[in-house]
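Accompanying notes for the structure given below.
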Protein chains: 2
Amino acid sequence: MIIETKSTVKAFGGTQGVYSHSSTSTGTEMTFSAFVPAHTRGETLPVLWYLSGLTCTHANVTEKGEFRAACAEHKIIFIAPDTSPRGDNVPDDPEEKYDFGFGAGHYVDATEAPWSEHYKMRSYIEAELPSLISEQFSMADMTRQSITGHSMGGHGALTIGLRNPDRFKSISAFAPIVSPINCPWGQKALSGYLGSDPSAWRDYDACALIADGARHDHILVDQGTDDSFLENELKTELLVAACDKAGVKAEIRMQNGYDHSYYFISSFMADHIAWHARHLG
Amino acid sequence: MIIETKSTVKAFGGTQGVYSHSSTSTGTEMTFSAFVPAHTRGETLPVLWYLSGLTCTHANVTEKGEFRAACAEHKIIFIAPDTSPRGDNVPDDPEEKYDFGFGAGHYVDATEAPWSEHYKMRSYIEAELPSLISEQFSMADMTRQSITGHSMGGHGALTIGLRNPDRFKSISAFAPIVSPINCPWGQKALSGYLGSDPSAWRDYDACALIADGARHDHILVDQGTDDSFLENELKTELLVAACDKAGVKAEIRMQNGYDHSYYFISSFMADHIAWHARHLG
């Protein structure tokens, strides 16, 4: 596998890079960013995945996430992938809305035409990109991975983490969609990408996964109380209920007065990274 | 004086706001951002001014400066003004270059037509905006102010700080223009705004101010060695020489491998804020 280095810049003693590569999962060029803290030759560092929300690329968190200070302190590699395939040959939402198509891959492997040709974000994040990181970043210790994300990316982090509990030492999320089956964003995405049979949707719903037996011992969620998407889309209370019913001990914190923006994410980013660091050892 | 609140958002326990007001100095609507950390009723907090570089508005540092964690920790108000007047009735660089006109006020009071009508950034930053802050932000303790900035804004911080040593407890700068008299950016700006007589320029040149007797006991400068503007525009060595010659003890640090971007600024922002906090008491 080959990656192209789009840019590297020194930051907090380490290297913030942006890279692209030809993805076999999506059949497109994909871009991601990686922050690699300063480290000694031969030293290996754990990896924290950050999955972004609707409309975002790798760039939003890279510029506004305020993760580098804490990643440098705890010596954690921070990887931020894109949120969908893109390109002239890739279909976008026919209505050109922000919640489907470009920037809105929802971390699923689409099965419905015309999306199924390129919208393979589950395979991309679960399999292809980790292989690429392992191969291209020799300091990455792939036996120590954790995952986090925001909004649609919080949904991605929760579902990918719950499906792969042995791979990820800890899962966290900022203002995640906790049950796409039960909200307009999720219903549009899952019916579009996966078709109308809701039984095919459960693999992509954190609450359904927990109801169906998925477990993880280290889950942390922060959700702002002034988030305008909380009531209709994010519905944190469904995750609280699913965890309670299944006996899953998740730390789900309602943060008073915070909204859905990167001002919220950055306020708690260092805290999440420190929490992941404890589980990454 | 009246300000309009454009936005407020909770961040790091405090409030990040963006405000606008009708400026008597510039004769235009001016926008600035202010971060006010959490504080108790009646508590007053010191103020750190951040002056931005060429092409920037208040927004660049507000989004990418990573100052809020440290300002919240040290309980410092952080004010980020715009870099020039703007508007349909304000003249811009005839060549539409980035280094003059909009986004390039260079923190001077222009004396040459047509710039002299609106380009009054010295008066705006030195007098009008502090009065507005004092009036509108009751928690701001204007007896405890410090100033910092980046590039053109580093030039602004150094010159405003050196001209007002009793007002500012400490002055810092990231990759500042240290001697506009001696670099292309500065020569274009000062000749354009002030006319061709270089004797009028010395008030706006940190090195000249020091040579002419200006003093400050607490100056901190960080400059990246991989900054593409270092050799021709920033010329840190001129400030080192001016301070040495005048016996000014400035802490001027060359930071190996860093460039001119916000990745550099954010890497040292918390350090600068902690240093200012010590002088702000």
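Here's how to read the names in the structure tokens: chain A, B, ... by the order shown, residue numbers from 1 in each chain, ligand numbers from 1 in the order shown.
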
Near region 35-47 of chain B, within 8 Å and counting only C-alpha atoms, which residues show up once chain neighbours fewer than 4 positions away are dropped, as a ChimeraX atom specification?
/B:12-17,68,71-72,75-79,138-146,280

Hey, list the chain B side of the contact with chain A: 10 Å cut-off, only C-alpha atoms, answer as a count of residues only.
33

Quick one: residues within 8 Å of His21 (chain A), only C-alpha atoms, excluding same-chain residues fewer than 6 positions away - as a PyMOL selection string?
chain A and resi 2-4+29-31

So that I can see what lies close to region 96-101 of chain B, please list as an MDAnalysis selection string the residues with an atom at most 8 Å from it, counting only C-alpha atoms and leaving out residues fewer than 3 positions away in the same chain.
chainID B and resid 54:55 84 91:93 104:105 185 188:189

If we count only C-alpha atoms, what is near Ser151 (chain B) at a cut-off of 9 Å, once residues fewer than 2 positions away on the same chain are taken out, given as a PDB file with N, CA and C atoms, in the first residue's frame?
ATOM      1  N   LEU B  51      -3.193  40.160  19.132  1.00  0.00           N
ATOM      2  CA  LEU B  51      -3.282  40.840  17.838  1.00  0.00           C
ATOM      3  C   LEU B  51      -2.891  39.868  16.731  1.00  0.00           C
ATOM      4  N   SER B  52      -3.740  39.761  15.723  1.00  0.00           N
ATOM      5  CA  SER B  52      -3.554  38.745  14.685  1.00  0.00           C
ATOM      6  C   SER B  52      -2.688  39.240  13.545  1.00  0.00           C
ATOM      7  N   GLY B  53      -2.300  38.309  12.701  1.00  0.00           N
ATOM      8  CA  GLY B  53      -1.403  38.586  11.586  1.00  0.00           C
ATOM      9  C   GLY B  53      -2.138  38.894  10.297  1.00  0.00           C
ATOM     10  N   LEU B  54      -1.361  39.114   9.261  1.00  0.00           N
ATOM     11  CA  LEU B  54      -1.870  39.437   7.927  1.00  0.00           C
ATOM     12  C   LEU B  54      -2.938  38.436   7.490  1.00  0.00           C
ATOM     13  N   GLY B 149       0.714  38.617  20.247  1.00  0.00           N
ATOM     14  CA  GLY B 149       0.238  38.633  18.872  1.00  0.00           C
ATOM     15  C   GLY B 149       1.140  37.814  17.981  1.00  0.00           C
ATOM     16  N   GLY B 153       0.740  40.931  13.941  1.00  0.00           N
ATOM     17  CA  GLY B 153       0.197  41.169  15.274  1.00  0.00           C
ATOM     18  C   GLY B 153       1.255  41.084  16.362  1.00  0.00           C
ATOM     19  N   GLY B 154       2.319  40.338  16.103  1.00  0.00           N
ATOM     20  CA  GLY B 154       3.459  40.344  17.018  1.00  0.00           C
ATOM     21  C   GLY B 154       4.145  41.700  16.985  1.00  0.00           C
ATOM     22  N   HIS B 155       4.260  42.239  15.782  1.00  0.00           N
ATOM     23  CA  HIS B 155       4.733  43.624  15.629  1.00  0.00           C
ATOM     24  C   HIS B 155       3.820  44.576  16.398  1.00  0.00           C
ATOM     25  N   GLY B 156       2.522  44.397  16.256  1.00  0.00           N
ATOM     26  CA  GLY B 156       1.580  45.246  16.984  1.00  0.00           C
ATOM     27  C   GLY B 156       1.753  45.114  18.492  1.00  0.00           C
ATOM     28  N   ALA B 173       5.196  37.614  21.841  1.00  0.00           N
ATOM     29  CA  ALA B 173       4.895  37.576  20.416  1.00  0.00           C
ATOM     30  C   ALA B 173       5.295  36.231  19.832  1.00  0.00           C
ATOM     31  N   PHE B 174       4.492  35.798  18.868  1.00  0.00           N
ATOM     32  CA  PHE B 174       4.785  34.604  18.077  1.00  0.00           C
ATOM     33  C   PHE B 174       5.234  35.070  16.694  1.00  0.00           C
ATOM     34  N   ALA B 175       6.451  34.733  16.322  1.00  0.00           N
ATOM     35  CA  ALA B 175       6.944  35.031  14.973  1.00  0.00           C
ATOM     36  C   ALA B 175       6.647  36.461  14.538  1.00  0.00           C
ATOM     37  N   PRO B 176       7.052  37.441  15.361  1.00  0.00           N
ATOM     38  CA  PRO B 176       6.702  38.828  15.037  1.00  0.00           C
ATOM     39  C   PRO B 176       7.556  39.419  13.913  1.00  0.00           C
ATOM     40  N   ILE B 177       6.984  40.368  13.190  1.00  0.00           N
ATOM     41  CA  ILE B 177       7.777  41.315  12.414  1.00  0.00           C
ATOM     42  C   ILE B 177       8.443  42.219  13.455  1.00  0.00           C
ATOM     43  N   VAL B 178       9.759  42.177  13.550  1.00  0.00           N
ATOM     44  CA  VAL B 178      10.408  42.941  14.625  1.00  0.00           C
ATOM     45  C   VAL B 178      10.857  44.322  14.165  1.00  0.00           C
ATOM     46  N   LEU B 234      10.699  38.659   8.936  1.00  0.00           N
ATOM     47  CA  LEU B 234      10.608  38.673  10.404  1.00  0.00           C
ATOM     48  C   LEU B 234      11.934  39.103  11.040  1.00  0.00           C
ATOM     49  N   HIS B 260       5.244  29.010  10.407  1.00  0.00           N
ATOM     50  CA  HIS B 260       4.585  30.284  10.716  1.00  0.00           C
ATOM     51  C   HIS B 260       3.099  30.106  11.054  1.00  0.00           C
TER      52      HIS B 260
END

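Atom to atom, CA of Thr26 (chain B) and CA of Glu135 (chain B) stand 19.1 Å apart.
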